[in-house]
Every structure is written in structure tokens, then in C-alpha cells.
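This is my_file.tsv (TSV, C-alpha atoms).
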chain	number	residue	atom	x	y	z
E	1	MET	CA	-4.39	18.79	-17.37
E	2	VAL	CA	-7.91	19.60	-16.24
E	3	ALA	CA	-10.83	17.25	-15.94
E	4	GLY	CA	-14.42	18.19	-16.04
E	5	PRO	CA	-17.00	17.38	-13.39
E	6	PRO	CA	-18.05	13.77	-12.95
E	7	SER	CA	-20.45	12.67	-15.68
E	8	LYS	CA	-21.47	9.37	-14.18
E	9	VAL	CA	-21.53	7.87	-10.71
E	10	TYR	CA	-21.98	4.23	-9.75
E	11	SER	CA	-22.81	3.82	-6.07
E	12	GLN	CA	-24.15	1.17	-3.78
E	13	VAL	CA	-27.73	2.23	-4.46
E	14	GLY	CA	-29.43	-0.29	-6.67
E	15	ALA	CA	-26.14	-1.96	-7.59
E	16	ARG	CA	-26.17	-5.45	-8.99
E	17	ARG	CA	-25.00	-8.48	-7.08
E	18	SER	CA	-22.50	-10.49	-9.09
E	19	GLU	CA	-20.51	-13.65	-9.04
E	20	ALA	CA	-18.74	-12.15	-6.03
E	21	ILE	CA	-21.44	-13.57	-3.78
E	22	ARG	CA	-20.67	-17.18	-4.69
E	23	ARG	CA	-19.14	-19.28	-1.94
E	24	PRO	CA	-16.47	-21.44	-3.54
E	25	ARG	CA	-14.20	-23.62	-1.45
E	26	SER	CA	-11.53	-21.42	0.16
E	27	THR	CA	-7.85	-22.20	-0.30
E	28	VAL	CA	-6.33	-19.75	2.16
E	29	HIS	CA	-5.69	-22.49	4.71
E	30	ARG	CA	-2.92	-24.12	2.69
E	31	LYS	CA	0.33	-24.91	4.42
E	32	SER	CA	1.96	-21.81	5.85
E	33	ARG	CA	5.40	-22.82	4.66
E	34	GLN	CA	4.34	-21.72	1.17
E	35	LEU	CA	4.39	-18.14	2.40
E	36	ASN	CA	8.19	-18.25	2.62
E	37	ASP	CA	8.57	-18.77	-1.11
E	38	LEU	CA	7.96	-16.33	-3.94
E	39	ASN	CA	5.57	-18.89	-5.34
E	40	ALA	CA	3.41	-18.21	-2.28
E	41	SER	CA	0.92	-16.51	-4.59
E	42	ILE	CA	-0.70	-19.96	-4.91
E	43	ALA	CA	-1.65	-19.68	-1.22
E	44	VAL	CA	-4.42	-17.27	-2.19
E	45	THR	CA	-6.54	-17.45	-5.34
E	46	ARG	CA	-9.41	-15.65	-7.01
E	47	ASP	CA	-11.78	-18.13	-5.37
E	48	ASP	CA	-10.62	-16.78	-2.01
E	49	VAL	CA	-11.44	-13.24	-3.12
E	50	LEU	CA	-14.91	-14.39	-4.16
E	51	ALA	CA	-15.39	-16.08	-0.78
E	52	ALA	CA	-14.18	-12.92	0.99
E	53	ALA	CA	-16.72	-10.81	-0.88
E	54	ALA	CA	-19.56	-12.99	0.40
E	55	ARG	CA	-18.12	-13.01	3.92
E	56	ILE	CA	-17.72	-9.24	4.31
E	57	ALA	CA	-20.71	-8.07	2.27
E	58	LYS	CA	-22.48	-6.66	5.33
E	59	ALA	CA	-19.30	-5.23	6.86
E	60	VAL	CA	-18.24	-2.79	4.13
E	61	VAL	CA	-19.90	-0.27	1.85
E	62	ARG	CA	-19.92	-0.40	-1.92
E	63	THR	CA	-17.77	2.62	-2.79
E	64	GLU	CA	-18.37	5.00	-5.62
E	65	LEU	CA	-16.93	4.45	-9.09
E	66	ARG	CA	-16.79	7.85	-10.74
E	67	GLU	CA	-16.24	8.62	-14.41
E	68	VAL	CA	-14.06	11.67	-15.16
E	69	GLN	CA	-12.24	13.14	-18.16
E	70	LEU	CA	-8.46	13.43	-18.25
E	71	GLY	CA	-6.73	14.74	-21.35
E	72	GLY	CA	-9.96	14.18	-23.26
E	73	VAL	CA	-10.00	10.51	-22.30
E	74	PRO	CA	-12.65	9.11	-19.94
E	75	LEU	CA	-11.37	7.14	-16.96
E	76	TRP	CA	-12.75	5.88	-13.68
E	77	LEU	CA	-11.93	6.73	-10.08
E	78	LYS	CA	-12.59	3.95	-7.55
E	79	CYS	CA	-13.17	5.95	-4.37
E	80	GLU	CA	-12.06	3.72	-1.50
E	81	SER	CA	-11.43	6.96	0.36
E	82	LEU	CA	-15.20	6.83	0.97
E	83	GLN	CA	-15.04	3.40	2.62
E	84	THR	CA	-15.95	3.07	6.31
E	85	GLY	CA	-12.81	4.08	8.21
E	86	GLY	CA	-11.63	6.25	5.31
E	87	ALA	CA	-9.69	3.57	3.42
E	88	PHE	CA	-9.91	0.12	1.84
E	89	LYS	CA	-8.35	-1.55	4.88
E	90	LEU	CA	-11.64	-2.53	6.54
E	91	ARG	CA	-12.11	-5.13	3.80
E	92	GLY	CA	-9.07	-7.23	4.66
E	93	ALA	CA	-9.41	-6.70	8.40
E	94	SER	CA	-13.04	-7.84	8.37
E	95	ASN	CA	-12.22	-10.90	6.28
E	96	ARG	CA	-9.46	-11.89	8.70
E	97	LEU	CA	-11.33	-11.29	11.95
E	98	LEU	CA	-14.57	-12.90	10.83
E	99	GLN	CA	-12.66	-16.18	10.45
E	100	LEU	CA	-11.37	-16.24	14.04
E	101	ASN	CA	-12.97	-18.85	16.27
E	102	GLN	CA	-14.40	-17.88	19.65
E	103	ALA	CA	-11.28	-18.83	21.60
E	104	GLU	CA	-9.16	-16.67	19.29
E	105	ARG	CA	-11.60	-13.79	19.61
E	106	ASP	CA	-11.46	-14.04	23.38
E	107	ARG	CA	-7.65	-13.66	23.30
E	108	GLY	CA	-7.80	-10.52	21.17
E	109	VAL	CA	-5.83	-9.30	18.17
E	110	VAL	CA	-2.71	-7.22	17.66
E	111	ALA	CA	-1.75	-5.31	14.52
E	112	PHE	CA	0.89	-2.83	13.39
E	113	SER	CA	0.14	0.13	11.17
E	114	SER	CA	0.70	3.83	10.61
E	115	GLY	CA	-3.04	4.32	10.63
E	116	ASN	CA	-5.35	2.96	7.94
E	117	HIS	CA	-4.92	-0.73	8.76
E	118	ALA	CA	-5.02	0.28	12.42
E	119	GLN	CA	-8.46	1.83	11.98
E	120	GLY	CA	-9.69	-1.05	9.84
E	121	VAL	CA	-8.71	-3.61	12.48
E	122	ALA	CA	-10.09	-1.44	15.28
E	123	ILE	CA	-13.47	-1.10	13.57
E	124	ALA	CA	-13.73	-4.79	12.72
E	125	ALA	CA	-12.66	-5.76	16.25
E	126	ARG	CA	-15.15	-3.43	17.93
E	127	ARG	CA	-17.99	-4.82	15.87
E	128	LEU	CA	-17.09	-8.38	16.87
E	129	GLY	CA	-16.39	-7.61	20.53
E	130	ILE	CA	-12.67	-8.36	20.18
E	131	ALA	CA	-9.99	-6.49	22.14
E	132	ALA	CA	-7.49	-4.88	19.75
E	133	THR	CA	-3.97	-3.59	20.38
E	134	ILE	CA	-2.34	-1.57	17.61
E	135	VAL	CA	1.40	-0.87	17.34
E	136	MET	CA	1.73	2.54	15.67
E	137	PRO	CA	4.74	4.73	14.83
E	138	SER	CA	5.13	7.70	17.13
E	139	ASP	CA	5.04	10.01	14.09
E	140	ALA	CA	1.74	8.65	12.76
E	141	PRO	CA	-0.76	11.36	11.78
E	142	ALA	CA	-2.77	12.55	14.77
E	143	LEU	CA	-6.02	12.00	12.87
E	144	LYS	CA	-5.21	8.30	12.43
E	145	ILE	CA	-4.14	7.84	16.05
E	146	GLU	CA	-7.33	9.50	17.28
E	147	GLY	CA	-9.45	7.50	14.86
E	148	THR	CA	-7.94	4.22	16.04
E	149	ARG	CA	-8.45	5.06	19.71
E	150	ALA	CA	-11.99	6.23	19.02
E	151	GLU	CA	-12.83	2.69	17.89
E	152	GLY	CA	-11.76	1.33	21.26
E	153	ALA	CA	-8.31	0.00	20.36
E	154	ARG	CA	-5.29	0.25	22.64
E	155	VAL	CA	-2.38	2.04	20.92
E	156	ILE	CA	1.29	1.31	21.62
E	157	PHE	CA	3.86	3.58	19.99
E	158	TYR	CA	7.26	2.68	18.53
E	159	ASP	CA	10.10	4.55	16.82
E	160	ARG	CA	9.88	3.96	13.08
E	161	LEU	CA	13.65	4.45	12.63
E	162	THR	CA	15.02	2.37	15.51
E	163	GLU	CA	12.42	-0.25	16.45
E	164	ASP	CA	10.88	-3.26	14.67
E	165	ARG	CA	7.11	-3.10	14.68
E	166	THR	CA	6.80	-6.74	13.61
E	167	ALA	CA	8.90	-7.89	16.57
E	168	ILE	CA	6.92	-5.73	18.98
E	169	ALA	CA	3.62	-7.17	17.74
E	170	ALA	CA	4.98	-10.72	17.87
E	171	GLY	CA	6.13	-10.17	21.45
E	172	LEU	CA	2.71	-8.90	22.49
E	173	ALA	CA	1.02	-11.87	20.82
E	174	ALA	CA	3.38	-14.32	22.52
E	175	ARG	CA	2.61	-12.87	25.95
E	176	THR	CA	-1.15	-12.58	25.56
E	177	GLY	CA	-2.09	-15.27	23.06
E	178	ALA	CA	-3.52	-12.62	20.73
E	179	THR	CA	-3.68	-13.21	16.98
E	180	VAL	CA	-1.40	-11.02	14.87
E	181	VAL	CA	-3.27	-9.39	11.97
E	182	PRO	CA	-0.66	-8.21	9.42
E	183	SER	CA	-1.46	-5.34	7.10
E	184	PHE	CA	-0.63	-7.26	3.90
E	185	ASP	CA	1.47	-10.40	4.57
E	186	ASP	CA	-1.54	-12.64	5.07
E	187	PRO	CA	-3.68	-14.49	2.49
E	188	HIS	CA	-6.93	-13.55	4.25
E	189	ILE	CA	-5.97	-9.88	4.11
E	190	VAL	CA	-5.04	-10.04	0.42
E	191	ALA	CA	-8.31	-11.82	-0.38
E	192	GLY	CA	-10.30	-9.18	1.48
E	193	GLN	CA	-8.57	-6.29	-0.26
E	194	GLY	CA	-9.22	-7.96	-3.60
E	195	THR	CA	-12.94	-7.35	-3.17
E	196	VAL	CA	-12.25	-3.82	-4.42
E	197	GLY	CA	-11.52	-5.43	-7.78
E	198	LEU	CA	-14.63	-7.60	-7.79
E	199	GLU	CA	-16.72	-4.56	-6.93
E	200	LEU	CA	-15.39	-2.41	-9.75
E	201	LEU	CA	-15.90	-5.30	-12.22
E	202	ASP	CA	-19.54	-5.45	-11.19
E	203	GLN	CA	-19.96	-1.67	-11.36
E	204	LEU	CA	-18.42	-1.43	-14.83
E	205	GLY	CA	-20.12	-4.55	-16.12
E	206	ARG	CA	-16.84	-5.63	-17.74
E	207	SER	CA	-13.14	-5.82	-17.06
E	208	PRO	CA	-11.25	-2.54	-17.39
E	209	ALA	CA	-8.22	-2.52	-19.64
E	210	ARG	CA	-5.97	-1.20	-16.89
E	211	ILE	CA	-6.10	-0.62	-13.12
E	212	ILE	CA	-3.64	1.75	-11.42
E	213	VAL	CA	-3.21	1.05	-7.72
E	214	PRO	CA	-1.32	2.68	-4.82
E	215	CYS	CA	1.17	0.25	-3.31
E	216	GLY	CA	2.80	-0.03	0.11
E	217	GLY	CA	3.12	-3.70	1.01
E	218	GLY	CA	1.07	-4.68	-2.02
E	219	GLY	CA	-1.98	-6.26	-0.40
E	220	LEU	CA	-4.47	-4.10	-2.30
E	221	ALA	CA	-2.66	-4.39	-5.62
E	222	ALA	CA	-2.19	-8.15	-5.28
E	223	GLY	CA	-5.83	-8.69	-4.33
E	224	ILE	CA	-7.06	-6.62	-7.26
E	225	ALA	CA	-4.67	-8.49	-9.57
E	226	LEU	CA	-6.32	-11.76	-8.51
E	227	ALA	CA	-9.84	-10.36	-8.81
E	228	CYS	CA	-9.30	-8.82	-12.26
E	229	PRO	CA	-7.22	-11.31	-14.27
E	230	ASP	CA	-7.91	-9.62	-17.62
E	231	ALA	CA	-6.76	-6.14	-16.59
E	232	GLU	CA	-3.26	-4.70	-16.85
E	233	ILE	CA	-2.03	-3.89	-13.33
E	234	VAL	CA	0.08	-0.79	-12.65
E	235	ILE	CA	1.32	-0.17	-9.10
E	236	VAL	CA	2.54	3.22	-7.88
E	237	GLU	CA	4.75	4.08	-4.88
E	238	PRO	CA	6.43	7.23	-3.54
E	239	THR	CA	10.00	7.79	-4.69
E	240	GLY	CA	12.47	6.34	-2.20
E	241	TRP	CA	9.84	3.95	-0.85
E	242	ASP	CA	9.42	2.11	-4.14
E	243	ASP	CA	10.58	-1.28	-2.88
E	244	MET	CA	7.89	-3.19	-4.79
E	245	LYS	CA	9.19	-1.61	-7.98
E	246	GLU	CA	12.75	-2.66	-7.11
E	247	SER	CA	11.60	-6.13	-6.01
E	248	LEU	CA	9.69	-6.74	-9.24
E	249	ALA	CA	12.74	-5.71	-11.24
E	250	ALA	CA	15.11	-7.91	-9.20
E	251	GLY	CA	12.85	-10.94	-8.96
E	252	HIS	CA	13.21	-11.10	-5.19
E	253	ILE	CA	12.36	-8.94	-2.17
E	254	VAL	CA	14.46	-5.76	-2.02
E	255	PRO	CA	13.83	-3.81	1.21
E	256	VAL	CA	13.63	-0.04	1.33
E	257	ALA	CA	17.19	1.29	1.43
E	258	PRO	CA	18.53	2.81	4.67
E	259	GLY	CA	18.09	6.56	4.82
E	260	ALA	CA	14.92	6.61	2.72
E	261	PRO	CA	13.66	10.17	2.28
E	262	PRO	CA	10.79	11.62	4.30
E	263	THR	CA	7.44	11.26	2.58
E	264	LEU	CA	3.94	12.57	3.04
E	265	CYS	CA	2.72	9.08	2.08
E	266	ASP	CA	2.74	7.58	5.58
E	267	ALA	CA	0.27	4.91	4.46
E	268	LEU	CA	2.87	3.56	2.02
E	269	GLN	CA	5.95	3.59	4.27
E	270	THR	CA	6.38	-0.17	4.29
E	271	PRO	CA	10.02	-1.25	4.80
E	272	ARG	CA	9.66	-4.45	2.77
E	273	VAL	CA	7.02	-6.28	0.76
E	274	SER	CA	6.00	-9.90	1.27
E	275	PRO	CA	6.42	-13.16	-0.65
E	276	ILE	CA	2.65	-13.34	-1.12
E	277	THR	CA	2.19	-9.91	-2.66
E	278	LEU	CA	5.38	-9.95	-4.71
E	279	GLY	CA	4.59	-13.43	-6.00
E	280	ILE	CA	1.13	-12.44	-7.19
E	281	LEU	CA	2.28	-9.21	-8.84
E	282	ARG	CA	5.22	-10.95	-10.54
E	283	ALA	CA	2.88	-13.62	-11.88
E	284	ARG	CA	0.59	-10.90	-13.26
E	285	GLN	CA	3.56	-9.02	-14.78
E	286	ALA	CA	2.56	-5.82	-13.03
E	287	THR	CA	4.18	-2.55	-14.08
E	288	ALA	CA	5.63	-0.38	-11.30
E	289	LEU	CA	6.12	3.39	-11.14
E	290	ALA	CA	7.27	5.95	-8.58
E	291	VAL	CA	6.01	9.50	-8.04
E	292	SER	CA	7.56	12.52	-6.33
E	293	GLU	CA	6.22	14.43	-3.35
E	294	SER	CA	5.29	17.40	-5.54
E	295	GLU	CA	3.38	15.09	-7.91
E	296	VAL	CA	1.50	13.63	-4.96
E	297	GLU	CA	0.61	17.09	-3.66
E	298	ALA	CA	-0.67	18.05	-7.10
E	299	ALA	CA	-2.92	14.98	-7.13
E	300	VAL	CA	-4.34	15.73	-3.68
E	301	ARG	CA	-5.05	19.27	-4.85
E	302	TRP	CA	-6.63	18.12	-8.13
E	303	ALA	CA	-8.89	15.62	-6.37
E	304	TRP	CA	-10.31	18.39	-4.19
E	305	GLN	CA	-10.47	21.20	-6.72
E	306	GLU	CA	-11.89	19.15	-9.59
E	307	GLN	CA	-13.87	16.42	-7.79
E	308	ARG	CA	-14.35	17.62	-4.20
E	309	LEU	CA	-12.71	14.42	-2.94
E	310	VAL	CA	-10.50	14.45	0.15
E	311	ILE	CA	-7.60	12.09	-0.60
E	312	GLU	CA	-4.57	11.49	1.61
E	313	PRO	CA	-1.11	11.55	-0.02
E	314	GLY	CA	-0.65	7.77	0.02
E	315	GLY	CA	-4.11	7.30	-1.44
E	316	ALA	CA	-3.38	9.73	-4.27
E	317	VAL	CA	-0.20	8.21	-5.78
E	318	ALA	CA	-2.02	6.35	-8.57
E	319	LEU	CA	-3.80	9.55	-9.57
E	320	ALA	CA	-0.47	11.39	-9.32
E	321	ALA	CA	1.07	9.05	-11.89
E	322	MET	CA	-1.78	9.81	-14.31
E	323	LEU	CA	-1.70	13.58	-13.80
E	324	ALA	CA	2.10	13.68	-14.16
E	325	GLY	CA	1.92	11.86	-17.48
E	326	LYS	CA	3.81	8.82	-16.18
E	327	VAL	CA	0.91	6.70	-17.40
E	328	ALA	CA	-0.58	7.64	-20.74
E	329	PRO	CA	-4.37	8.14	-20.79
E	330	LYS	CA	-6.07	4.99	-22.04
E	331	LEU	CA	-9.70	4.03	-22.42
E	332	ASP	CA	-11.14	1.83	-19.69
E	333	THR	CA	-8.57	2.76	-17.07
E	334	VAL	CA	-9.52	2.62	-13.38
E	335	VAL	CA	-7.51	4.67	-10.87
E	336	VAL	CA	-7.87	3.53	-7.27
E	337	LEU	CA	-8.02	6.27	-4.62
E	338	SER	CA	-7.15	4.11	-1.65
E	339	GLY	CA	-7.59	6.41	1.34
E	340	GLY	CA	-8.72	9.80	2.57
E	341	ASN	CA	-7.39	10.02	6.13
E	342	ILE	CA	-5.45	13.27	6.11
E	343	ASP	CA	-5.08	15.82	8.88
E	344	PRO	CA	-7.34	18.79	7.99
E	345	ALA	CA	-4.55	21.35	8.47
E	346	LEU	CA	-2.24	19.47	6.10
E	347	HIS	CA	-5.01	19.09	3.54
E	348	SER	CA	-5.78	22.82	3.70
E	349	ARG	CA	-2.14	23.67	3.03
E	350	MET	CA	-1.93	21.23	0.11
E	351	ILE	CA	-5.03	22.43	-1.69
E	352	ALA	CA	-4.34	26.15	-1.28
Encoded form (C-alpha cells):
Amino acid sequence: MVAGPPSKVYSQVGARRSEAIRRPRSTVHRKSRQLNDLNASIAVTRDDVLAAAARIAKAVVRTELREVQLGGVPLWLKCESLQTGGAFKLRGASNRLLQLNQAERDRGVVAFSSGNHAQGVAIAARRLGIAATIVMPSDAPALKIEGTRAEGARVIFYDRLTEDRTAIAAGLAARTGATVVPSFDDPHIVAGQGTVGLELLDQLGRSPARIIVPCGGGGLAAGIALACPDAEIVIVEPTGWDDMKESLAAGHIVPVAPGAPPTLCDALQTPRVSPITLGILRARQATALAVSESEVEAAVRWAWQEQRLVIEPGGAVALAAMLAGKVAPKLDTVVVLSGGNIDPALHSRMIA
């Protein structure tokens, strides 16, 4: 299926301010014990997403919403690959770090990530004068490692197959007093990521019928689900790493099975989802799909050849589901392109 060139672009230039700038009372400080229950979705609400939008307005850019044609049907691409840091992650990281008090800032932050959250935290921390330590897998893409270090963060490597990144980060925090900044299992992070949804609502001037979102731990999808209550939510994961799909079907958290296959989608290699994200997506009755490596490569190639957009594999899974026909074209569909941090050599091979 071939799409024509973009016929309409909505950018940050001259864009309207919307209800997203209101400052309602935040609810993210509710008792932490709620996070251990699948009903933890009540720990973060749409009001928190609205508050996050006001809080981070000067920290992030308003990314392009591009109209394209697919199968003769117009749809929209939300280009978070064009966000500062190359992915949506700066939104949640900024929302979390901006709420630290001075004593917490002085003790620093620690995060774990294969790259996009790492860069988001590193950028937000540098801007606020906070020391950041990032626990990254030793096989993380070189581009993401270099990008994280370039923002002044200290990088500590771990073995993805034999070591527990959460335990390593917790140990560092215990020794130094640093605040752990999870990539998705945190209501502040979910609220920040949800600003993608508020932004596309404002750019469209209405709610889309459907939003298709890449999913690793589910922070982006859950945040958008809160921000856009009238839209159908479809989440997409790489085959073998589709634990949100399995968790939604089972009604409880199902971790990624041992021996999961290699994937180009490093950004989505999350071993298990969280009560917060699963609870929100269950409540919204989200649909879940999985795509193959070849389908992901085809989407990366299409994005470049048809739209001149550089999209990393994990950021292209929602588009892959559309191009592969796993989601039927439908008017007023938004496809989120969540990241564009891909090693140039790999991108050149994929688009050839």
C-alpha cells in the first residue's frame, strides 16, 4: 500500500492553546499502596495529564501531526520522533523531575532504560542541574548510549539476560539517596506521556476515532488513553515481547516468557508491564496487536521512502500494524510514531 505525500501539517507554529493549560488539583500523590493493585489506574487521572501539560509546556516541543493517505483513507501521524531527544520520553521525565524538591534534586536521580527514557531523563536532569545515573543494557544501541552520555549522565551497564535492572537501580538509590525515575511504572511519568494525547486533540480540534500506539511498558498508551477518553485505543508490540497483549487477555500481569526472541525493537523490550498501565488500558478496553520483525522493517522503510521520516523500529510498530493490514483503515485514525533514535548504519540497511 502506498501513501501520497503529506497534504497537511500541524506544527507548533501558531498552534492553539487548549484546556491542557488548566491547572486542576493533581491526584498523583495518592497512597502508593494503590500501585500494587490492578485498580491502580485511579492513582492517575486525566486531571493529572492536564496538570502535566501546564507543567512541562516550556520543556517540550509541540510535535507535528501529519495527514497522509493509506489505502485511500486519510489518517494522521503523530510524530513524536521529532520531539527533543528523539522520542516522547522527555515528557514524562520532565513532569517527574520538575516535581522534585531541592533536597531531592541535590541527591540526584537514577533511571533504567535501553535508551529513549535514558535520554529523556538525562536531558531533563541537565536542564535542572540534577546529577543523573542511568542503568542501561550492555547491548543498547550505540547511538542511544552516546546520546545519554552527551547530556551529562553517568551510564552503568548491565546484562539484559542475567541481571535485574530494577534491583540495580534500587541499590544505587539506597546507597546515594537518589530518586528512582521509572520508565513507565510511575503516575507522574504516565501523566507526562499523556500530554501527547492532549496535544493531538488540540491539533485536530476534535477527538480522533482511534489512536494506535506503540507499547513497551504501556506508559505512553495509558497516558494517551486517559487524555483521549472518547477514542478507541489500540496498542502494538513486537511478537514475542507482547506481554501487554497477554496481560490484557489474562486480566493480570503476564511477564515476557523466558527465551523471548531477539527484536530490533529495543525500546519495547520491557520484561513486564505495571499495575498502573495495565489497569488503565483494561479500564479503557484497549485492543492489543503484535507485529513481526519484517513488518516493522517495512514500516521503517515506508516512513522514510514516503514521508522522509526517520523512525526507529520500536517507534514504528503502530505504523507496521496499519501497513500490514492488521488494523483496517478507518477515518480519523491517529498513528503514533513514538521515536526516531536509530543507528544510521542500521537505518540505511533497512531502507535500502
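Among E:Val110, E:Leu90, E:Thr162, E:Ile134, the residue with the shortest atom-to-atom distance to Ala174 of chain E, counting only C-alpha atoms, is E:Val110.
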Counting all atoms listed in the file, what are the residues of segment 118-206 of chain E within 6 Å of segment 225-238 of chain E, and for each of them which pair of atoms is the nearest and at what distance in Å, to one decimal? Sort the table by chain and rising number, as a Markdown table.
| residue | atom | partner | partner_atom | distance |
| --- | --- | --- | --- | --- |
| E:Gly194 | CA | E:Ala227 | CA | 5.8 |
| E:Gly197 | CA | E:Ala227 | CA | 5.3 |
| E:Leu198 | CA | E:Ala227 | CA | 5.6 |
Checklist entry - Excluding same-chain residues fewer than 3 positions from Leu77 of chain E, what lies within 9 Å of it counting all atoms listed in the file, as a ChimeraX atom specification? => result /E:64-68,319,333-337
Next on the checklist: Distance cut-off 7 Å, centre (-5.3, -1.5, -6.5) in file coordinates, counting only C-alpha atoms: which residues qualify? Return them as a PyMOL selection string.
Outcome noted: chain E and resi 211-214+220-221+224+336
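Nearest to Val300 of chain E of all the residues E:Gln193, E:Ser81, E:Gln203, E:Ser247 is E:Ser81, counting all atoms listed in the file.
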Find the spatial neighbours of Thr84 of chain E, counting all atoms listed in the file, within a cut-off of 8 Å - ignore same-chain residues fewer than 3 positions away - and output them as a compact mmCIF listing (two decimals) with C-alpha atoms, in the coordinates of the input.
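Now in selection_7.txt:
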# COMPACT_ATOMS: atom_id res chain seq x y z
CA VAL E 60 -18.24 -2.79 4.13
CA VAL E 61 -19.90 -0.27 1.85
CA ALA E 87 -9.69 3.57 3.42
CA LEU E 90 -11.64 -2.53 6.54
Write a file for segment 97-111 of chain E of the given structure; include N, CA and C atoms and format it as a short mmCIF file (atom, residue, chain, number, x, y, z; two decimals), in the first residue's frame.
data_model
loop_
_atom_site.label_atom_id
_atom_site.label_comp_id
_atom_site.auth_asym_id
_atom_site.auth_seq_id
_atom_site.Cartn_x
_atom_site.Cartn_y
_atom_site.Cartn_z
N LEU E 97 10.70 15.08 37.12
CA LEU E 97 11.80 15.81 37.73
C LEU E 97 11.42 17.21 38.18
N LEU E 98 10.50 17.84 37.47
CA LEU E 98 10.07 19.18 37.86
C LEU E 98 9.36 19.19 39.21
N GLN E 99 8.90 18.02 39.65
CA GLN E 99 8.19 17.94 40.94
C GLN E 99 9.10 17.55 42.10
N LEU E 100 10.39 17.35 41.85
CA LEU E 100 11.32 17.06 42.93
C LEU E 100 11.61 18.33 43.71
N ASN E 101 11.69 18.20 45.04
CA ASN E 101 12.08 19.37 45.83
C ASN E 101 13.60 19.55 45.77
N GLN E 102 14.10 20.61 46.37
CA GLN E 102 15.52 20.91 46.23
C GLN E 102 16.40 19.84 46.86
N ALA E 103 15.99 19.31 48.01
CA ALA E 103 16.78 18.26 48.65
C ALA E 103 16.86 17.03 47.76
N GLU E 104 15.75 16.67 47.12
CA GLU E 104 15.74 15.52 46.21
C GLU E 104 16.61 15.79 44.99
N ARG E 105 16.56 17.01 44.48
CA ARG E 105 17.39 17.35 43.33
C ARG E 105 18.87 17.26 43.68
N ASP E 106 19.20 17.67 44.88
CA ASP E 106 20.61 17.64 45.31
C ASP E 106 21.14 16.21 45.39
N ARG E 107 20.26 15.23 45.68
CA ARG E 107 20.69 13.84 45.81
C ARG E 107 20.73 13.12 44.46
N GLY E 108 20.21 13.72 43.43
CA GLY E 108 20.28 13.14 42.10
C GLY E 108 19.17 12.16 41.79
N VAL E 109 19.19 11.64 40.57
CA VAL E 109 18.19 10.67 40.12
C VAL E 109 18.89 9.47 39.48
N VAL E 110 18.20 8.35 39.47
CA VAL E 110 18.69 7.15 38.80
C VAL E 110 17.54 6.57 38.00
N ALA E 111 17.83 6.10 36.80
CA ALA E 111 16.81 5.52 35.93
C ALA E 111 17.39 4.30 35.25
#
